[in-house]
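Student: Quick one, model.cif (mmCIF, C-alpha atoms and all ligand atoms):
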data_start
#
loop_
_atom_site.label_atom_id
_atom_site.label_comp_id
_atom_site.auth_asym_id
_atom_site.auth_seq_id
_atom_site.Cartn_x
_atom_site.Cartn_y
_atom_site.Cartn_z
CA MET L 105 171.12 149.82 152.20
CA SER L 106 168.62 147.95 150.07
CA TYR L 107 166.29 149.98 147.88
CA PHE L 108 163.17 148.93 149.79
CA LYS L 109 164.57 150.05 153.16
CA ILE L 110 165.25 153.48 151.72
CA LEU L 111 161.58 153.68 150.79
CA GLY L 112 160.40 152.69 154.25
CA PHE L 113 159.77 148.96 153.85
CA GLN L 114 161.00 146.31 156.22
CA LYS L 115 160.86 143.58 153.63
CA GLU L 116 160.92 143.42 149.89
CA PRO L 117 157.32 144.14 148.85
CA PHE L 118 157.31 142.72 145.34
CA SER L 119 159.31 139.57 145.65
CA THR L 120 157.99 136.83 143.38
CA SER L 121 158.36 133.97 145.82
CA PRO L 122 154.97 132.45 146.70
CA ASP L 123 155.02 133.52 150.36
CA PRO L 124 151.55 133.03 151.98
CA GLU L 125 152.10 136.16 154.06
CA PHE L 126 152.13 138.18 150.85
CA PHE L 127 149.16 136.44 149.34
CA TYR L 128 146.37 138.83 148.52
CA LEU L 129 142.98 137.18 148.55
CA SER L 130 141.46 138.40 145.33
CA LYS L 131 137.83 137.41 144.77
CA GLU L 132 138.86 134.47 142.60
CA HIS L 133 141.64 133.30 144.87
CA GLU L 134 139.25 133.45 147.79
CA VAL L 135 136.48 131.54 146.02
CA SER L 136 138.89 128.84 144.95
CA LEU L 137 140.56 128.54 148.36
CA ASN L 138 137.25 128.35 150.23
CA ASN L 139 135.81 125.82 147.87
CA ILE L 140 138.84 123.60 148.00
CA LEU L 141 138.65 123.66 151.80
CA ILE L 142 134.96 122.74 151.68
CA GLU L 143 135.63 119.86 149.30
CA LEU L 144 138.38 118.63 151.58
CA ARG L 145 136.15 118.79 154.61
CA LEU L 146 133.41 116.89 152.80
CA LYS L 147 136.03 114.49 151.43
CA ARG L 148 134.61 114.60 147.96
CA GLY L 149 137.82 113.67 146.21
CA LEU L 150 139.04 115.83 143.39
CA SER L 151 139.47 119.59 142.95
CA VAL L 152 141.09 121.06 139.87
CA ILE L 153 142.37 124.63 139.55
CA LEU L 154 143.41 125.84 136.15
CA GLY L 155 145.17 129.08 135.31
CA ASP L 156 147.66 130.64 132.95
CA VAL L 157 151.30 131.05 133.99
CA GLY L 158 151.57 133.68 136.71
CA THR L 159 147.93 133.79 137.80
CA GLY L 160 148.79 132.64 141.32
CA LYS L 161 148.30 128.88 141.36
CA THR L 162 151.47 128.08 143.28
CA SER L 163 150.80 130.92 145.69
CA LEU L 164 147.29 129.59 146.22
CA SER L 165 148.63 126.11 146.94
CA ARG L 166 151.05 127.53 149.54
CA LYS L 167 148.17 129.31 151.19
CA LEU L 168 146.17 126.10 151.19
CA ILE L 169 149.04 124.19 152.80
CA GLN L 170 149.33 126.93 155.42
CA GLU L 171 145.63 126.44 156.23
CA LEU L 172 145.98 122.67 156.43
CA LYS L 173 148.99 122.92 158.73
CA GLN L 174 146.80 124.57 161.33
CA ARG L 175 144.49 121.56 161.53
CA ASN L 176 145.69 118.35 163.05
CA ASP L 177 143.14 116.14 161.34
CA PHE L 178 144.80 116.60 157.95
CA ILE L 179 147.70 114.63 156.57
CA PHE L 180 149.00 116.23 153.43
CA HIS L 181 151.74 116.13 150.91
CA MET L 182 152.56 118.51 148.11
CA ILE L 183 154.23 117.57 144.83
CA LEU L 184 155.82 120.54 143.06
CA ASP L 185 156.95 118.81 139.91
CA PRO L 186 154.98 115.71 138.97
CA SER L 187 157.01 114.69 135.90
CA PHE L 188 156.90 111.01 136.79
CA GLU L 189 157.98 108.67 134.04
CA ASN L 190 155.47 106.01 134.87
CA GLU L 191 152.90 104.79 137.35
CA TYR L 192 155.58 103.02 139.37
CA SER L 193 157.66 106.13 140.09
CA LEU L 194 154.53 108.06 141.05
CA LEU L 195 153.49 105.35 143.48
CA VAL L 196 156.99 105.08 144.97
CA SER L 197 157.04 108.83 145.50
CA LEU L 198 153.65 108.75 147.24
CA ALA L 199 154.65 105.82 149.41
CA LYS L 200 157.85 107.57 150.46
CA ASN L 201 156.27 110.92 151.10
CA PHE L 202 153.34 109.62 153.07
CA GLU L 203 155.87 107.43 154.91
CA ILE L 204 154.05 104.28 154.00
CA ALA L 205 155.78 100.99 154.71
CA GLY L 206 158.57 102.80 156.58
CA ASN L 207 161.91 102.22 154.92
CA ARG L 208 160.77 99.03 153.30
CA ILE L 209 160.22 100.57 149.89
CA ASP L 210 162.65 98.89 147.58
CA THR L 211 162.70 97.71 144.02
CA SER L 212 161.24 94.36 145.01
CA LEU L 213 157.85 96.00 145.52
CA SER L 214 155.58 95.76 142.52
CA VAL L 215 152.96 98.22 141.35
CA VAL L 216 150.33 95.98 142.88
CA ASP L 217 152.18 95.88 146.23
CA LEU L 218 152.47 99.65 146.27
CA LYS L 219 148.82 100.14 145.46
CA GLU L 220 147.84 97.74 148.22
CA SER L 221 150.03 99.53 150.74
CA LEU L 222 148.58 102.87 149.69
CA GLU L 223 145.04 101.59 149.99
CA ARG L 224 145.76 100.15 153.43
CA PHE L 225 147.36 103.42 154.49
CA LEU L 226 144.43 105.48 153.22
CA PHE L 227 141.97 103.21 154.97
CA GLN L 228 143.91 103.26 158.22
CA LYS L 229 144.23 107.06 158.27
CA GLY L 230 140.83 107.89 156.81
CA VAL L 231 138.64 105.40 158.63
CA SER L 232 140.42 104.15 161.74
CA GLU L 233 142.11 107.44 162.63
CA GLU L 234 139.47 109.70 161.06
CA LYS L 235 142.02 111.88 159.32
CA THR L 236 141.79 113.47 155.90
CA VAL L 237 144.62 112.60 153.56
CA VAL L 238 145.32 115.29 150.99
CA LEU L 239 147.63 115.23 148.01
CA VAL L 240 148.27 118.60 146.36
CA ILE L 241 149.92 118.53 142.93
CA ASP L 242 151.23 121.75 141.43
CA GLU L 243 152.22 121.99 137.74
CA ALA L 244 149.74 119.18 137.20
CA GLN L 245 149.82 119.69 133.44
CA LYS L 246 153.12 117.79 133.63
CA LEU L 247 151.39 114.58 134.72
CA ASN L 248 151.52 112.07 131.91
CA ASP L 249 148.63 109.78 130.99
CA ALA L 250 149.97 106.90 133.07
CA SER L 251 150.22 109.11 136.17
CA LEU L 252 146.75 110.55 135.65
CA GLU L 253 145.38 107.06 135.27
CA ALA L 254 147.14 105.99 138.50
CA LEU L 255 145.59 108.95 140.31
CA ARG L 256 142.19 108.07 138.93
CA VAL L 257 142.55 104.61 140.44
CA LEU L 258 143.51 106.11 143.82
CA LEU L 259 140.38 108.23 143.68
CA ASN L 260 138.36 105.04 143.47
CA TYR L 261 139.32 104.10 147.00
CA GLU L 262 136.33 105.07 149.05
CA THR L 263 133.94 104.11 151.79
CA ASN L 264 130.19 104.38 151.37
CA GLU L 265 130.37 107.97 152.51
CA PHE L 266 133.61 109.50 151.30
CA LYS L 267 136.75 109.30 149.22
CA LEU L 268 139.85 108.13 151.07
CA LEU L 269 142.25 110.37 149.17
CA GLN L 270 141.62 114.05 148.52
CA LEU L 271 143.40 115.29 145.46
CA VAL L 272 143.98 118.92 144.53
CA LEU L 273 145.43 119.49 141.07
CA LEU L 274 146.72 122.91 140.02
CA GLY L 275 147.88 123.35 136.48
CA GLN L 276 148.11 125.36 133.33
CA LEU L 277 145.22 125.39 130.92
CA GLU L 278 146.41 122.38 128.93
CA LEU L 279 145.64 120.24 131.98
CA HIS L 280 142.02 120.60 130.98
CA SER L 281 142.41 118.78 127.67
CA LYS L 282 144.65 116.17 129.30
CA ILE L 283 141.98 115.40 131.85
CA LEU L 284 139.34 115.22 129.15
CA SER L 285 141.38 112.61 127.33
CA ILE L 286 141.41 110.22 130.31
CA PRO L 287 138.16 108.26 130.39
CA ASN L 288 136.15 108.74 133.59
CA PHE L 289 138.44 111.40 135.02
CA PHE L 290 136.58 114.56 134.19
CA ASP L 291 133.33 113.45 135.82
CA ARG L 292 135.19 112.73 139.04
CA ILE L 293 136.03 116.40 139.54
CA SER L 294 133.92 117.75 142.36
CA PHE L 295 135.25 121.32 142.20
CA LYS L 296 136.79 122.96 139.18
CA TYR L 297 137.83 126.56 138.80
CA THR L 298 139.86 128.71 136.46
CA LEU L 299 141.92 131.59 137.84
CA ASN L 300 141.79 134.69 135.69
CA PRO L 301 144.06 137.73 135.78
CA LEU L 302 143.04 140.61 138.05
CA GLY L 303 140.99 143.65 137.15
CA PHE L 304 142.22 147.19 137.84
CA GLU L 305 140.71 147.52 141.34
CA GLU L 306 142.19 144.26 142.51
CA THR L 307 145.54 145.07 140.93
CA LYS L 308 145.55 148.24 142.97
CA GLU L 309 144.48 146.45 146.14
CA MET L 310 147.11 143.77 145.65
CA ILE L 311 149.85 146.38 145.27
CA GLU L 312 148.67 148.18 148.41
CA PHE L 313 148.31 144.93 150.32
CA ARG L 314 151.85 143.89 149.40
CA MET L 315 153.23 147.23 150.55
CA ARG L 316 151.48 146.99 153.92
CA GLN L 317 152.66 143.42 154.44
CA ALA L 318 156.18 144.59 153.72
CA GLY L 319 155.92 147.12 156.54
CA TYR L 320 155.07 150.31 154.66
CA THR L 321 153.21 152.57 157.08
CA SER L 322 153.52 156.01 155.52
CA SER L 323 150.37 157.65 154.23
CA MET L 324 152.21 158.79 151.14
CA TYR L 325 151.16 157.04 147.96
CA LEU L 326 154.13 155.41 146.29
CA PHE L 327 152.13 154.42 143.24
CA LEU L 328 149.89 157.02 141.64
CA ASP L 329 146.62 155.75 140.18
CA GLU L 330 147.73 156.67 136.67
CA ALA L 331 150.77 154.45 137.15
CA ILE L 332 148.70 151.54 138.43
CA ARG L 333 146.40 151.89 135.43
CA GLU L 334 149.35 151.62 133.10
CA ILE L 335 150.77 148.68 135.06
CA HIS L 336 147.43 146.92 134.90
CA GLN L 337 147.08 147.52 131.20
CA TYR L 338 150.57 146.39 130.31
CA THR L 339 150.53 143.28 132.51
CA ARG L 340 146.88 142.54 131.71
CA GLY L 341 146.42 141.89 135.42
CA TYR L 342 148.73 138.88 135.65
CA PRO L 343 150.04 138.90 139.24
CA ARG L 344 153.55 137.77 138.37
CA GLN L 345 153.96 140.46 135.73
CA ILE L 346 152.52 143.05 138.10
CA MET L 347 155.04 142.09 140.78
CA MET L 348 157.96 142.32 138.41
CA LEU L 349 156.98 145.69 137.04
CA CYS L 350 156.28 147.13 140.51
CA HIS L 351 159.64 145.85 141.69
CA ARG L 352 161.39 147.61 138.83
CA ALA L 353 159.34 150.74 139.41
CA LEU L 354 160.45 151.00 143.04
CA LYS L 355 164.07 150.45 142.12
CA ALA L 356 163.80 153.16 139.48
CA LEU L 357 162.19 155.45 142.02
CA VAL L 358 165.23 155.20 144.27
CA LEU L 359 167.70 155.55 141.41
CA LYS L 360 165.96 158.63 140.09
CA ASN L 361 165.42 160.12 143.52
CA LYS L 362 161.72 160.56 142.94
CA PHE L 363 158.88 160.40 145.46
CA ALA L 364 156.19 158.50 143.63
CA VAL L 365 155.81 156.11 140.74
CA ASP L 366 153.93 158.07 138.10
CA LEU L 367 152.75 157.33 134.59
CA ARG L 368 155.94 158.59 133.04
CA LEU L 369 158.16 156.34 135.09
CA VAL L 370 156.08 153.24 134.27
CA ARG L 371 156.03 154.14 130.56
CA GLU L 372 159.82 154.48 130.60
CA LEU L 373 160.18 151.05 132.14
CA ILE L 374 157.85 149.51 129.60
CA GLU L 375 159.63 151.24 126.74
CA ASP L 376 162.96 149.98 128.08
CA GLU L 377 161.58 146.49 128.16
CA VAL L 378 160.31 146.78 124.61
CA ARG L 379 163.54 148.32 123.36
CA THR L 380 165.75 145.66 124.88
CA GLY L 381 163.51 142.89 123.61
CA TRP L 382 162.68 141.63 127.08
CA HIS L 383 158.96 142.05 126.69
CA ARG L 384 156.59 139.27 125.75
CA LYS L 385 155.63 139.52 122.08
CA ASP L 386 151.91 139.34 122.86
CA LEU L 387 152.30 142.25 125.29
CA LEU L 388 153.90 144.36 122.55
CA LEU L 389 150.99 143.68 120.21
CA GLN L 390 148.63 144.65 122.93
CA LYS L 391 150.60 147.79 123.71
CA ASN L 392 150.39 148.90 120.08
CA SER L 393 146.66 148.65 120.25
CA TYR L 394 146.21 150.92 123.27
N1 LIG V 401 146.97 136.57 145.09
C1 LIG V 401 148.23 136.99 145.06
N2 LIG V 401 148.66 137.89 145.98
C2 LIG V 401 149.93 138.33 145.96
N3 LIG V 401 150.84 137.96 145.07
C3 LIG V 401 150.46 137.06 144.12
C4 LIG V 401 149.15 136.53 144.07
N4 LIG V 401 149.07 135.67 143.04
C5 LIG V 401 150.27 135.67 142.48
N5 LIG V 401 151.12 136.49 143.12
C6 LIG V 401 152.52 136.78 142.78
O1 LIG V 401 152.76 136.39 141.46
C7 LIG V 401 153.81 135.42 141.43
C8 LIG V 401 153.40 134.34 140.48
O2 LIG V 401 152.40 133.58 141.08
P1 LIG V 401 152.44 132.00 141.07
O3 LIG V 401 151.63 131.55 142.21
O4 LIG V 401 153.83 131.51 140.98
O5 LIG V 401 151.67 131.76 139.69
P2 LIG V 401 151.50 130.41 138.89
O6 LIG V 401 151.85 129.29 139.81
O7 LIG V 401 150.06 130.42 138.50
O8 LIG V 401 152.41 130.53 137.71
C9 LIG V 401 153.91 134.90 142.84
O9 LIG V 401 155.21 134.51 143.16
C10 LIG V 401 153.49 136.06 143.67
O10 LIG V 401 154.63 136.88 143.85
MG MG V 402 153.21 127.82 139.58
#
Let's see the structure in the file written out as structure tokens.
Tutor:
Amino acid sequence: MSYFKILGFQKEPFSTSPDPEFFYLSKEHEVSLNNILIELRLKRGLSVILGDVGTGKTSLSRKLIQELKQRNDFIFHMILDPSFENEYSLLVSLAKNFEIAGNRIDTSLSVVDLKESLERFLFQKGVSEEKTVVLVIDEAQKLNDASLEALRVLLNYETNEFKLLQLVLLGQLELHSKILSIPNFFDRISFKYTLNPLGFEETKEMIEFRMRQAGYTSSMYLFLDEAIREIHQYTRGYPRQIMMLCHRALKALVLKNKFAVDLRLVRELIEDEVRTGWHRKDLLLQKNSY
């Protein structure tokens, strides 16, 4: 029997896959999600979400896609890894994924041909069919200059009232300087936001939310406040780190036959991590300065 079933869960509570069902709407995640949706509705073009590794960007994008799926006036595509070598491969990928020009995309098409087809497609969908075409790009810090420039050009396609392509970029902090280095890109951003790690209260709420979503119904607290405080301090509120530590804490709970995750158990896990060298160096420095 899996460890989480023993504890009364139906599903694994602290899995690190970006499942929208397990997405806790922290204040910042909520503000960013709502604003992106508003920008999309107003068709204002470009939204950019920045955040450190593990702050929940991919999870946020999954949640966004889930929202868009429920509306039939949106056509969307999500790129998970935009490491395109050049403008041409980016355009081919867009043409394929938006199913532009059917199966007629072959090497005989030039960059100009592809751009024309894309523009025609965007016009057809956006104006004739009154749909909103959305392109979501995760890991957007991987876009090279040529790709960013190609996207900038796509953002120029517009009617008098709105942009024909809505672009949502999510990326690590270095995306910011990349965007700044492309002339006329930064001022096209209509919504920009940086996701920060969670505070203690939200860390606690996220842990409780995850447990409920995973089917935990008992009124017994599995995580004591003192443990959550330590988890928050050690992970600095980074959701991915929180998930991993909570996962280990529950496993340890079962192995040790204990009833609740307390301060001692969390400290042991952290010490283990430090001893075996599996911690992040910056976390160790921070731990020494408690
Ligand atoms: N708001 C949230 N609610 C619940 N879990 C979250 C949240 N944000 C992040 N996580 C968890 O942390 C993990 C890392 O988040 P992820 O979206 O992959 O971060 P990023 O893309 O910024 O590196 C996710 O797989 C998920 O398990
Ligand atoms: Mg990610």
Student: With all atoms listed in the file as the atoms that count, which of L:Gln276, L:Gln345, L:Gln337, L:Ser322 lies nearest to ligand MG 402 (chain V)?
Tutor: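 Residue with the minimum atom-to-atom distance to ligand MG 402 (chain V): L:Gln276.
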Student: What do you get as a ChimeraX atom specification if you pick all residues at most 10 Å from ligand LIG 401 (chain V), counting only C-alpha atoms and all ligand atoms?
Tutor: /L:117-134,153-167,242-243,274-276,299-302,306-307,309-311,313-314,342-348
Student: So what do you get for atom CA of Leu269 of chain L versus atom CA of Glu253 of chain L, distance-wise?
Tutor: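 Distance between the two atoms: 14.6 Å.
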Student: Just want the 12 Å neighbourhood of Lys229 of chain L, counted on all atoms listed in the file, with same-chain residues fewer than 5 positions away dropped. Output as a compact mmCIF listing (two decimals) with C-alpha atoms, keeping the file's coordinate frame.
Tutor:
# COMPACT_ATOMS: atom_id res chain seq x y z
CA ASP L 177 143.14 116.14 161.34
CA PHE L 178 144.80 116.60 157.95
CA ILE L 179 147.70 114.63 156.57
CA PHE L 180 149.00 116.23 153.43
CA PHE L 202 153.34 109.62 153.07
CA ILE L 204 154.05 104.28 154.00
CA LEU L 222 148.58 102.87 149.69
CA GLU L 223 145.04 101.59 149.99
CA ARG L 224 145.76 100.15 153.43
CA GLU L 234 139.47 109.70 161.06
CA LYS L 235 142.02 111.88 159.32
CA THR L 236 141.79 113.47 155.90
CA VAL L 237 144.62 112.60 153.56
CA VAL L 238 145.32 115.29 150.99
CA LYS L 267 136.75 109.30 149.22
CA LEU L 268 139.85 108.13 151.07
CA LEU L 269 142.25 110.37 149.17
Student: Have a look at atom CA of Ile183 of chain L and atom CA of Val231 of chain L and let me know their distance in Å, one decimal.
Tutor: 24.1 Å
Student: Which residues, written as a JSON list (two decimals) with C-alpha atoms, in the frame of the given file, have at least one atom at most 12 Å from Asn260 of chain L, with all atoms listed in the file counted and residues fewer than 3 positions away on the same chain left out?
Tutor:
[["chain", "number", "residue", "atom", "x", "y", "z"],
["L", 148, "ARG", "CA", 134.61, 114.60, 147.96],
["L", 149, "GLY", "CA", 137.82, 113.67, 146.21],
["L", 150, "LEU", "CA", 139.04, 115.83, 143.39],
["L", 219, "LYS", "CA", 148.82, 100.14, 145.46],
["L", 223, "GLU", "CA", 145.04, 101.59, 149.99],
["L", 226, "LEU", "CA", 144.43, 105.48, 153.22],
["L", 253, "GLU", "CA", 145.38, 107.06, 135.27],
["L", 254, "ALA", "CA", 147.14, 105.99, 138.50],
["L", 255, "LEU", "CA", 145.59, 108.95, 140.31],
["L", 256, "ARG", "CA", 142.19, 108.07, 138.93],
["L", 257, "VAL", "CA", 142.55, 104.61, 140.44],
["L", 263, "THR", "CA", 133.94, 104.11, 151.79],
["L", 264, "ASN", "CA", 130.19, 104.38, 151.37],
["L", 266, "PHE", "CA", 133.61, 109.50, 151.30],
["L", 267, "LYS", "CA", 136.75, 109.30, 149.22],
["L", 268, "LEU", "CA", 139.85, 108.13, 151.07],
["L", 269, "LEU", "CA", 142.25, 110.37, 149.17],
["L", 270, "GLN", "CA", 141.62, 114.05, 148.52],
["L", 271, "LEU", "CA", 143.40, 115.29, 145.46],
["L", 288, "ASN", "CA", 136.15, 108.74, 133.59],
["L", 289, "PHE", "CA", 138.44, 111.40, 135.02],
["L", 292, "ARG", "CA", 135.19, 112.73, 139.04]]
Student: Pick out the closest residue to ligand MG 402 (chain V) from this set: L:Ser323, L:Ser214, L:Ser232, L:Gln245. Count only C-alpha atoms and all ligand atoms.
Tutor: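 Residue with the minimum atom-to-atom distance to ligand MG 402 (chain V): L:Gln245.
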Student: Take atom CA of Ser151 of chain L and atom CA of Arg340 of chain L and report the distance between them in Å, one decimal.
Tutor: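 Going from atom CA of Ser151 of chain L over to atom CA of Arg340 of chain L covers 26.6 Å.
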